[in-house]
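Pasting target35.txt here (compact mmCIF, C-alpha atoms):
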```txt
# COMPACT_ATOMS: atom_id res chain seq x y z
CA MET A 1 -10.33 -22.69 115.80
CA THR A 2 -9.46 -24.97 112.90
CA PRO A 3 -7.74 -23.13 110.02
CA VAL A 4 -8.70 -24.81 106.78
CA ALA A 5 -5.21 -24.52 105.27
CA SER A 6 -3.49 -26.25 108.19
CA LEU A 7 -2.51 -29.74 107.04
CA GLY A 8 -3.73 -31.75 110.01
CA ARG A 9 -6.56 -29.28 110.78
CA SER A 10 -5.26 -29.16 114.38
CA GLY A 11 -2.11 -27.88 116.03
CA LEU A 12 -1.50 -31.26 117.65
CA ALA A 13 -1.78 -33.16 114.34
CA ASP A 14 0.56 -30.70 112.61
CA PHE A 15 3.00 -30.88 115.55
CA VAL A 16 3.11 -34.69 115.53
CA LEU A 17 3.23 -34.88 111.73
CA GLN A 18 6.10 -32.40 111.53
CA ARG A 19 8.15 -34.38 114.03
CA ALA A 20 7.34 -37.77 112.48
CA THR A 21 8.27 -36.49 109.00
CA ALA A 22 11.49 -35.02 110.44
CA VAL A 23 12.45 -38.50 111.71
CA VAL A 24 11.74 -40.02 108.26
CA LEU A 25 13.80 -37.29 106.55
CA ALA A 26 16.69 -37.72 109.02
CA ALA A 27 16.69 -41.50 108.47
CA PHE A 28 16.61 -41.03 104.69
CA ALA A 29 19.40 -38.45 104.79
CA LEU A 30 21.60 -40.77 106.90
CA CYS A 31 20.86 -43.70 104.58
CA VAL A 32 21.79 -41.74 101.45
CA LEU A 33 24.82 -40.15 103.14
CA GLY A 34 26.04 -43.61 104.22
CA TRP A 35 25.65 -44.86 100.68
CA PHE A 36 27.57 -41.89 99.28
CA LEU A 37 30.42 -42.45 101.75
CA ALA A 38 30.55 -46.23 101.27
CA ALA A 39 32.08 -46.27 97.78
CA PRO A 40 32.85 -44.00 94.79
CA VAL A 41 29.68 -42.70 93.17
CA ASN A 42 28.85 -43.36 89.53
CA HIS A 43 25.61 -43.41 87.58
CA ALA A 44 25.37 -47.20 87.34
CA ARG A 45 25.75 -47.61 91.09
CA LEU A 46 23.29 -44.76 91.72
CA ALA A 47 20.66 -46.25 89.39
CA ALA A 48 21.11 -49.68 90.93
CA PHE A 49 20.74 -48.31 94.46
CA PHE A 50 17.61 -46.25 93.79
CA GLY A 51 16.20 -48.90 91.44
CA THR A 52 15.57 -51.45 94.17
CA LEU A 53 11.97 -51.66 95.38
CA PRO A 54 12.76 -51.01 99.09
CA MET A 55 14.80 -47.92 98.20
CA ARG A 56 12.11 -46.61 95.84
CA ALA A 57 9.53 -47.13 98.58
CA PHE A 58 11.76 -45.39 101.14
CA THR A 59 12.41 -42.52 98.72
CA THR A 60 8.68 -42.18 98.09
CA LEU A 61 8.08 -42.03 101.83
CA ALA A 62 10.83 -39.38 102.17
CA ILE A 63 9.32 -37.29 99.34
CA LEU A 64 5.87 -37.44 100.94
CA ALA A 65 7.43 -36.57 104.32
CA LEU A 66 9.26 -33.61 102.76
CA ALA A 67 6.06 -32.30 101.17
CA ALA A 68 4.09 -32.53 104.44
CA HIS A 69 6.97 -31.07 106.47
CA ALA A 70 7.48 -28.21 104.03
CA TRP A 71 3.79 -27.36 103.83
CA ILE A 72 3.35 -27.20 107.61
CA GLY A 73 6.50 -25.05 107.90
CA MET A 74 5.54 -22.67 105.09
CA TRP A 75 1.97 -22.39 106.33
CA THR A 76 3.34 -21.46 109.76
CA VAL A 77 5.71 -18.84 108.30
CA GLY A 78 2.87 -17.35 106.22
CA THR A 79 0.46 -17.09 109.13
CA ASP A 80 3.22 -15.49 111.22
CA TYR A 81 4.27 -12.78 108.78
CA VAL A 82 1.42 -12.14 106.34
CA ARG A 83 -0.72 -10.28 108.81
CA ARG A 84 -2.99 -7.26 108.71
CA HIS A 85 -0.49 -5.39 110.88
CA TYR A 86 2.13 -5.49 108.10
CA PHE A 87 0.04 -5.85 104.92
CA GLY A 88 -3.08 -3.85 105.69
CA ARG A 89 -6.65 -4.70 104.79
CA ARG A 90 -5.69 -6.92 101.83
CA HIS A 91 -3.57 -9.25 103.95
CA ALA A 92 -6.02 -12.15 103.47
CA LEU A 93 -5.60 -11.88 99.69
CA TYR A 94 -1.80 -11.80 100.01
CA LEU A 95 -1.89 -14.78 102.37
CA ALA A 96 -4.04 -16.72 99.88
CA ILE A 97 -1.58 -15.90 97.05
CA TYR A 98 1.35 -16.94 99.25
CA GLN A 99 -0.34 -20.21 100.21
CA ILE A 100 -1.31 -21.03 96.62
CA GLY A 101 2.30 -20.35 95.58
CA CYS A 102 3.62 -22.59 98.36
CA ALA A 103 1.10 -25.32 97.49
CA ALA A 104 2.16 -25.19 93.84
CA LEU A 105 5.85 -25.47 94.79
CA VAL A 106 5.18 -28.33 97.22
CA PHE A 107 3.13 -30.10 94.52
CA LEU A 108 5.97 -29.65 92.02
CA TYR A 109 8.53 -31.00 94.48
CA LEU A 110 6.19 -33.91 95.16
CA VAL A 111 5.35 -34.95 91.61
CA TRP A 112 8.72 -34.32 89.96
CA PRO A 113 10.90 -36.50 92.24
CA LEU A 114 8.22 -39.19 92.33
CA ALA A 115 8.26 -39.27 88.54
CA VAL A 116 12.06 -39.52 88.61
CA VAL A 117 12.11 -42.28 91.24
CA TRP A 118 9.44 -44.41 89.58
CA GLY A 119 10.74 -43.59 86.10
CA VAL A 120 13.96 -45.38 87.05
CA ALA A 121 11.99 -48.66 87.06
CA ARG A 122 11.35 -48.54 83.32
CA MET B 1 24.58 8.75 132.92
CA ARG B 2 23.10 9.29 129.46
CA ILE B 3 19.54 8.10 129.12
CA SER B 4 17.64 7.71 125.90
CA LEU B 5 13.96 7.63 126.80
CA TYR B 6 11.03 6.68 124.57
CA ARG B 7 8.51 9.49 124.60
CA TYR B 8 5.07 9.45 123.10
CA ASP B 9 2.03 11.48 123.98
CA PRO B 10 -0.71 10.67 121.46
CA ASP B 11 -2.46 13.97 122.23
CA ALA B 12 0.59 16.06 121.40
CA ASP B 13 3.02 13.97 119.27
CA ALA B 14 2.53 12.88 115.67
CA ALA B 15 4.95 9.99 116.22
CA PRO B 16 7.05 8.53 119.04
CA ARG B 17 10.53 9.98 119.59
CA MET B 18 13.60 9.21 121.70
CA GLU B 19 14.53 11.93 124.20
CA ASN B 20 18.16 12.16 125.30
CA LEU B 21 18.64 13.08 128.95
CA GLU B 22 21.62 13.44 131.27
CA LEU B 23 21.47 12.48 134.92
CA ASP B 24 24.10 12.72 137.64
CA ILE B 25 24.12 9.52 139.64
CA PRO B 26 25.89 9.38 143.02
CA GLY B 27 28.80 6.95 143.10
CA VAL B 28 27.57 5.29 146.29
CA GLY B 29 25.58 2.07 145.88
CA ASP B 30 23.74 0.91 142.83
CA LEU B 31 20.44 2.45 141.81
CA MET B 32 17.63 0.43 140.34
CA VAL B 33 16.26 1.56 136.99
CA LEU B 34 13.04 2.62 138.75
CA ASP B 35 15.06 4.95 141.02
CA LEU B 36 16.50 6.49 137.90
CA LEU B 37 13.02 6.95 136.42
CA GLU B 38 11.84 8.55 139.66
CA ARG B 39 14.70 11.05 139.46
CA LEU B 40 13.89 11.82 135.85
CA LYS B 41 10.23 12.34 136.77
CA ALA B 42 11.26 14.77 139.52
CA ILE B 43 12.92 16.84 136.77
CA ASP B 44 10.19 16.33 134.14
CA PRO B 45 6.82 15.39 135.68
CA SER B 46 5.36 14.67 132.24
CA ILE B 47 7.30 11.38 131.98
CA ALA B 48 4.82 8.50 132.29
CA TYR B 49 5.45 4.96 133.53
CA ARG B 50 3.69 2.45 135.77
CA ARG B 51 4.96 1.51 139.21
CA SER B 52 3.57 0.37 142.51
CA CYS B 53 5.32 -1.91 145.01
CA ARG B 54 8.92 -1.16 143.88
CA GLU B 55 10.03 -4.64 145.01
CA GLY B 56 9.21 -7.02 142.15
CA VAL B 57 5.85 -8.20 143.44
CA CYS B 58 3.19 -6.17 141.65
CA GLY B 59 4.60 -6.53 138.13
CA SER B 60 3.65 -2.99 137.11
CA ASP B 61 6.96 -1.61 135.90
CA GLY B 62 7.95 -4.00 133.14
CA VAL B 63 10.03 -2.02 130.61
CA ASN B 64 12.59 -2.64 127.91
CA MET B 65 16.06 -1.67 129.13
CA ASN B 66 18.84 -1.59 126.54
CA GLY B 67 16.90 -4.16 124.52
CA ARG B 68 16.02 -6.49 127.39
CA ASN B 69 12.67 -6.75 129.10
CA GLY B 70 12.62 -6.67 132.89
CA LEU B 71 11.22 -4.98 135.96
CA ALA B 72 12.62 -1.50 136.46
CA CYS B 73 12.37 -1.87 140.26
CA THR B 74 14.55 -4.99 140.56
CA THR B 75 17.06 -4.31 137.78
CA PRO B 76 20.23 -2.51 138.90
CA VAL B 77 21.34 0.23 136.52
CA SER B 78 24.83 -1.31 136.45
CA GLU B 79 23.36 -4.56 135.08
CA VAL B 80 21.81 -3.01 131.98
CA ALA B 81 23.71 0.25 131.27
CA ARG B 82 26.45 0.01 128.66
CA ARG B 83 29.29 2.57 128.64
CA GLY B 84 27.24 4.97 130.74
CA LYS B 85 24.22 4.83 128.44
CA LEU B 86 20.77 3.38 129.04
CA THR B 87 17.95 3.20 126.51
CA LEU B 88 14.48 2.81 128.00
CA ARG B 89 11.52 1.79 125.85
CA PRO B 90 8.05 0.41 126.57
CA LEU B 91 7.50 -3.36 126.44
CA PRO B 92 7.58 -4.27 122.74
CA GLY B 93 4.59 -5.59 120.81
CA LEU B 94 1.84 -3.88 122.80
CA PRO B 95 0.17 -0.58 121.85
CA VAL B 96 1.68 2.40 123.66
CA ILE B 97 -0.68 4.55 125.69
CA ARG B 98 1.97 7.08 126.67
CA ASP B 99 5.77 6.98 127.11
CA LEU B 100 6.53 3.69 128.92
CA VAL B 101 2.89 2.83 129.61
CA VAL B 102 1.50 0.10 127.35
CA ASP B 103 -2.03 -1.14 126.76
CA MET B 104 -2.09 -4.65 128.30
CA THR B 105 -5.62 -5.53 127.08
CA GLN B 106 -4.43 -8.17 124.59
CA PHE B 107 -2.15 -9.71 127.21
CA TYR B 108 -4.97 -9.97 129.77
CA ARG B 109 -7.37 -11.26 127.10
CA GLN B 110 -5.04 -14.22 126.52
CA TYR B 111 -4.70 -14.74 130.27
CA GLU B 112 -8.50 -14.75 130.60
CA LYS B 113 -8.75 -17.30 127.78
CA ILE B 114 -6.98 -20.03 129.77
CA LYS B 115 -9.54 -19.70 132.62
CA PRO B 116 -7.03 -18.94 135.37
CA PHE B 117 -9.05 -20.30 138.26
CA LEU B 118 -9.55 -23.69 139.89
CA GLN B 119 -12.36 -25.72 138.33
CA ASN B 120 -13.73 -28.65 140.29
CA GLU B 121 -17.17 -30.21 139.84
CA ASP B 122 -17.01 -32.21 143.09
CA PRO B 123 -18.96 -30.84 146.08
CA PRO B 124 -16.65 -28.63 148.14
CA PRO B 125 -15.42 -30.17 151.40
CA ALA B 126 -16.18 -28.57 154.76
CA ARG B 127 -12.91 -26.64 154.94
CA GLU B 128 -10.66 -26.84 151.89
CA ARG B 129 -9.57 -29.07 149.01
CA LEU B 130 -6.42 -30.77 150.26
CA GLN B 131 -3.49 -32.02 148.21
CA THR B 132 -0.40 -34.01 149.08
CA PRO B 133 2.94 -32.24 149.55
CA GLU B 134 4.08 -34.00 146.33
CA ASP B 135 1.14 -32.59 144.37
CA ARG B 136 1.69 -29.16 145.87
CA GLU B 137 5.35 -29.36 144.85
CA LYS B 138 4.24 -29.57 141.19
CA LEU B 139 2.93 -25.99 141.38
CA ASN B 140 6.32 -24.53 142.32
CA GLY B 141 7.80 -22.52 139.49
CA LEU B 142 4.29 -21.86 138.13
CA TYR B 143 2.21 -19.98 140.69
CA GLU B 144 4.88 -17.32 141.27
CA CYS B 145 4.10 -15.49 138.01
CA ILE B 146 3.26 -11.82 138.65
CA LEU B 147 1.86 -11.13 135.14
CA CYS B 148 4.35 -8.38 134.38
CA ALA B 149 4.23 -9.38 130.65
CA CYS B 150 8.03 -9.26 130.30
CA CYS B 151 7.98 -12.79 128.84
CA SER B 152 5.07 -12.49 126.41
CA THR B 153 6.32 -9.17 125.05
CA SER B 154 9.76 -10.64 124.39
CA CYS B 155 8.22 -13.46 122.32
CA PRO B 156 8.10 -13.00 118.52
CA SER B 157 5.22 -15.49 118.26
CA PHE B 158 3.22 -13.22 120.58
CA TRP B 159 4.21 -10.12 118.55
CA TRP B 160 3.00 -11.81 115.36
CA ASN B 161 -0.20 -13.43 116.62
CA PRO B 162 -1.17 -11.68 119.87
CA GLU B 163 -4.85 -12.43 119.29
CA LYS B 164 -4.31 -16.18 118.70
CA PHE B 165 -1.13 -17.30 120.52
CA VAL B 166 -1.75 -17.40 124.28
CA GLY B 167 1.84 -16.39 124.99
CA PRO B 168 4.30 -17.66 127.60
CA ALA B 169 2.67 -15.95 130.61
CA GLY B 170 -0.79 -17.33 129.82
CA LEU B 171 0.59 -20.79 129.04
CA LEU B 172 2.60 -20.90 132.27
CA GLN B 173 -0.69 -20.28 134.10
CA ALA B 174 -2.53 -22.78 131.88
CA TYR B 175 -0.06 -25.45 132.99
CA ARG B 176 -0.33 -24.26 136.59
CA PHE B 177 -3.99 -25.39 136.54
CA LEU B 178 -3.37 -28.46 134.38
CA ALA B 179 -0.79 -29.59 136.95
CA ASP B 180 -3.06 -28.89 139.92
CA SER B 181 -4.34 -32.16 141.44
CA ARG B 182 -7.49 -30.35 142.63
CA ASP B 183 -8.54 -29.18 139.17
CA THR B 184 -10.89 -31.49 137.26
CA ALA B 185 -11.21 -29.55 133.99
CA THR B 186 -8.06 -31.01 132.41
CA GLU B 187 -9.88 -32.35 129.33
CA GLU B 188 -11.67 -29.05 128.62
CA ARG B 189 -8.48 -27.05 129.18
CA LEU B 190 -6.49 -29.25 126.79
CA ALA B 191 -9.26 -29.16 124.16
CA GLU B 192 -9.07 -25.35 124.20
CA LEU B 193 -5.32 -25.45 123.52
CA GLU B 194 -5.23 -27.97 120.66
CA ASP B 195 -5.54 -25.51 117.74
CA PRO B 196 -2.48 -24.52 115.64
CA PHE B 197 -1.94 -21.21 117.46
CA SER B 198 -2.71 -21.26 121.21
CA VAL B 199 0.24 -23.46 122.24
CA PHE B 200 1.78 -24.80 119.06
CA ARG B 201 2.88 -21.39 117.77
CA CYS B 202 5.67 -21.47 120.38
CA ARG B 203 8.95 -22.10 118.54
CA GLY B 204 10.89 -22.75 121.74
CA ILE B 205 13.38 -19.87 121.37
CA MET B 206 13.26 -19.31 125.15
CA ASN B 207 13.24 -15.50 125.09
CA CYS B 208 10.59 -15.81 127.80
CA VAL B 209 12.99 -17.69 130.08
CA SER B 210 15.69 -15.02 129.63
CA ALA B 211 13.22 -12.21 130.28
CA CYS B 212 11.34 -13.55 133.32
CA PRO B 213 12.31 -11.41 136.34
CA LYS B 214 11.09 -14.15 138.69
CA GLY B 215 13.35 -16.83 137.14
CA LEU B 216 10.43 -18.94 135.88
CA ASN B 217 10.52 -21.22 132.87
CA PRO B 218 7.47 -20.87 130.59
CA THR B 219 9.14 -22.90 127.82
CA ARG B 220 9.27 -25.95 130.11
CA ALA B 221 5.59 -25.48 131.00
CA ILE B 222 4.71 -25.22 127.29
CA GLY B 223 6.66 -28.44 126.65
CA LYS B 224 4.66 -30.18 129.38
CA ILE B 225 1.36 -28.95 127.90
CA ARG B 226 2.43 -30.33 124.52
CA THR B 227 3.31 -33.67 126.11
CA MET B 228 -0.12 -33.77 127.78
CA LEU B 229 -1.78 -32.98 124.43
CA VAL B 230 0.18 -35.71 122.64
CA GLU B 231 -0.59 -38.27 125.38
CA ARG B 232 -4.26 -37.29 125.25
CA GLY B 233 -4.26 -37.73 121.47
CA ILE B 234 -2.76 -41.26 121.57
```
Go ahead and render the structure in this file as structure tokens.
Amino acid sequence: MTPVASLGRSGLADFVLQRATAVVLAAFALCVLGWFLAAPVNHARLAAFFGTLPMRAFTTLAILALAAHAWIGMWTVGTDYVRRHYFGRRHALYLAIYQIGCAALVFLYLVWPLAVVWGVAR
Amino acid sequence: MRISLYRYDPDADAAPRMENLELDIPGVGDLMVLDLLERLKAIDPSIAYRRSCREGVCGSDGVNMNGRNGLACTTPVSEVARRGKLTLRPLPGLPVIRDLVVDMTQFYRQYEKIKPFLQNEDPPPARERLQTPEDREKLNGLYECILCACCSTSCPSFWWNPEKFVGPAGLLQAYRFLADSRDTATEERLAELEDPFSVFRCRGIMNCVSACPKGLNPTRAIGKIRTMLVERGI
């Protein structure tokens, strides 16, 4: 079976994607943490750090990784819990509402930080 | 010994209930939980449970004892009773037929799905399909499963998606045939397991490993199936 709402359309693709995005997010978190620990933080230093092209590219990659990672995770949680057994005959409707809500949140958390990161360049 | 026993007779009860019972246990030796059930049944013949070999081979008497799944026949009362009290329930996640007897249809349906038999397209040899001692060694820790369902019914992923997630018992057997040097249906078997539910719904919490009365490790088998799927996909 190939659930249409699954990101990679296969369990293997979702599994690999979730682990690959986890590596990207871990690397990004370590990079940012290292920067925070390296010297006192102020806005000028922050803007300079995230204003460089490599850092903006890395941040974009991390945001995309977060969106993919979050969607796979939330889709999994939804298909675990929003079941006929708990929600009755209308479970498919509730699952669709849940997934649309998750998709909207993921979209928001994708577009907003991207706008912030690339807005820094102006 | 105070025993709290799950009772449910769909013909007579509107809902399941817990029945509190008292039983005098002799101080000599250590009874198995099945012995205790036998004594209870001698007092109240209406108590229902499955049993057969009473030595951990048939896998009939899987029950939930003080919150842990296991075989009643190989679990000493002293191992599971707490402060002289033992709560006995049916295996969780499966429909109850009566008292401790559960409907295993869904469990067997998942087992059937993985095609638990040797598949080989080559013409059969005169006597038998041989394998090296090293290849045979790979089946240890896999073939010993007695299908008692203690592992699958302790797995939340199986509770949530029993019709889609194969479950630890079925996946242990799936790997048993994937690892068998005589089986030639590896590609077809892996293709059947690639969807988001059959294997990948396992979250690796290892309840199955804790529950297995035979000391097997379905989580490791599931990890190996995933590795095979990833290698096949590269």
Wanna dump the chain B-chain A contacts at 10 Å for me, each residue with its shortest atom pair and the distance in Å to one decimal, counting only C-alpha atoms, ordered by chain and number, as a tab-separated table?
```
residue	atom	partner	partner_atom	distance
B:Pro156	CA	A:Asp80	CA	9.1
B:Ser157	CA	A:Asp80	CA	7.3
B:Phe158	CA	A:Asp80	CA	9.6
B:Trp159	CA	A:Asp80	CA	9.1
B:Trp160	CA	A:Asp80	CA	5.5
B:Asn161	CA	A:Asp80	CA	6.7
B:Lys164	CA	A:Met1	CA	9.3
B:Glu192	CA	A:Met1	CA	8.9
B:Leu193	CA	A:Gly11	CA	8.5
B:Glu194	CA	A:Gly11	CA	5.6
B:Asp195	CA	A:Gly11	CA	4.5
B:Pro196	CA	A:Gly11	CA	3.4
B:Phe197	CA	A:Gly11	CA	6.8
B:Ser198	CA	A:Gly11	CA	8.4
B:Val199	CA	A:Gly11	CA	8.0
B:Phe200	CA	A:Gly11	CA	5.8
B:Arg201	CA	A:Thr76	CA	8.0
B:Arg226	CA	A:Leu12	CA	8.0
B:Leu229	CA	A:Leu12	CA	7.0
B:Val230	CA	A:Leu12	CA	6.9
B:Gly233	CA	A:Leu12	CA	8.0
```
* Write out as a ChimeraX atom specification each polymer residue whose atoms come within 10 Å of B:Glu144, counting all atoms listed in the file; drop sequence neighbours fewer than 6 positions from it. => /B:57,172-173,176,214-216
* Which polymer residues have any atom within 10 Å of an atom of stretch 87-104 of chain A, counting only C-alpha atoms, with same-chain residues fewer than 3 positions away left out, as number ranges by chain? -> A: 5, 67, 70-71, 74-75, 78-79, 81-84, 107-110
What lies within 12 Å of B:Ala81 using all atoms listed in the file, ignoring chain neighbours under 3 positions off, as an mmCIF file with C-alpha atoms, in the coordinates of the input?
```cif
data_model
loop_
_atom_site.group_PDB
_atom_site.id
_atom_site.type_symbol
_atom_site.label_atom_id
_atom_site.label_comp_id
_atom_site.auth_asym_id
_atom_site.auth_seq_id
_atom_site.Cartn_x
_atom_site.Cartn_y
_atom_site.Cartn_z
ATOM 1 C CA MET B 1 24.580 8.750 132.920
ATOM 2 C CA ARG B 2 23.100 9.290 129.460
ATOM 3 C CA ILE B 3 19.540 8.100 129.120
ATOM 4 C CA SER B 4 17.640 7.710 125.900
ATOM 5 C CA ASP B 30 23.740 0.910 142.830
ATOM 6 C CA LEU B 31 20.440 2.450 141.810
ATOM 7 C CA MET B 32 17.630 0.430 140.340
ATOM 8 C CA VAL B 33 16.260 1.560 136.990
ATOM 9 C CA LEU B 36 16.500 6.490 137.900
ATOM 10 C CA ASN B 64 12.590 -2.640 127.910
ATOM 11 C CA MET B 65 16.060 -1.670 129.130
ATOM 12 C CA ASN B 66 18.840 -1.590 126.540
ATOM 13 C CA GLY B 67 16.900 -4.160 124.520
ATOM 14 C CA ARG B 68 16.020 -6.490 127.390
ATOM 15 C CA THR B 75 17.060 -4.310 137.780
ATOM 16 C CA PRO B 76 20.230 -2.510 138.900
ATOM 17 C CA VAL B 77 21.340 0.230 136.520
ATOM 18 C CA SER B 78 24.830 -1.310 136.450
ATOM 19 C CA GLY B 84 27.240 4.970 130.740
ATOM 20 C CA LYS B 85 24.220 4.830 128.440
ATOM 21 C CA LEU B 86 20.770 3.380 129.040
ATOM 22 C CA THR B 87 17.950 3.200 126.510
ATOM 23 C CA LEU B 88 14.480 2.810 128.000
#
```
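Atom CA of B:Arg83 is positioned 24.5 Å from atom CA of B:Tyr49.
Put simply, atom CA of A:Phe50 is 7.2 Å away from atom CA of A:Val117.
We find atom CA of B:Ile225 and atom CA of B:Cys150 to be spaced 20.9 Å apart.
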All residues 12 Å or closer to stretch 29-37 of chain A, all atoms listed in the file, same chain fewer than 4 positions away omitted, as a CSV table (one decimal) with C-alpha atoms, in the frame of the given file:
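Contents of selection01.csv, freshly written:
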```csv
chain,number,residue,atom,x,y,z
A,22,ALA,CA,11.5,-35.0,110.4
A,23,VAL,CA,12.4,-38.5,111.7
A,24,VAL,CA,11.7,-40.0,108.3
A,25,LEU,CA,13.8,-37.3,106.6
A,41,VAL,CA,29.7,-42.7,93.2
A,42,ASN,CA,28.8,-43.4,89.5
A,43,HIS,CA,25.6,-43.4,87.6
A,45,ARG,CA,25.8,-47.6,91.1
A,46,LEU,CA,23.3,-44.8,91.7
A,48,ALA,CA,21.1,-49.7,90.9
A,49,PHE,CA,20.7,-48.3,94.5
A,50,PHE,CA,17.6,-46.2,93.8
A,55,MET,CA,14.8,-47.9,98.2
A,58,PHE,CA,11.8,-45.4,101.1
A,59,THR,CA,12.4,-42.5,98.7
A,62,ALA,CA,10.8,-39.4,102.2
A,63,ILE,CA,9.3,-37.3,99.3
A,66,LEU,CA,9.3,-33.6,102.8
```
* **Neighbour list for B:Ala169 as a PyMOL selection string, cut-off 8 Å, only C-alpha atoms, skip fewer than 5 positions in-chain** => chain B and resi 111+145+147+149+151-152+218
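When all atoms listed in the file are used to measure the gap to B:Glu134, the shortest distance among B:Val102, B:Ala179, B:Ala42, B:Leu94 belongs to B:Ala179.
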Axis-aligned box for all listed atoms of stretch 168-178 of chain B, 6 Å per side, centre and edges in Å to one decimal, as JSON:
```
{"center_x": 0.2, "center_y": -22.2, "center_z": 132.1, "size_x": 20.3, "size_y": 24.5, "size_z": 21.0}
```
* Have a look at B:Gly56, B:Pro90, B:Pro10, B:Pro125 and name the one nearest to B:Thr74; count only C-alpha atoms. => B:Gly56
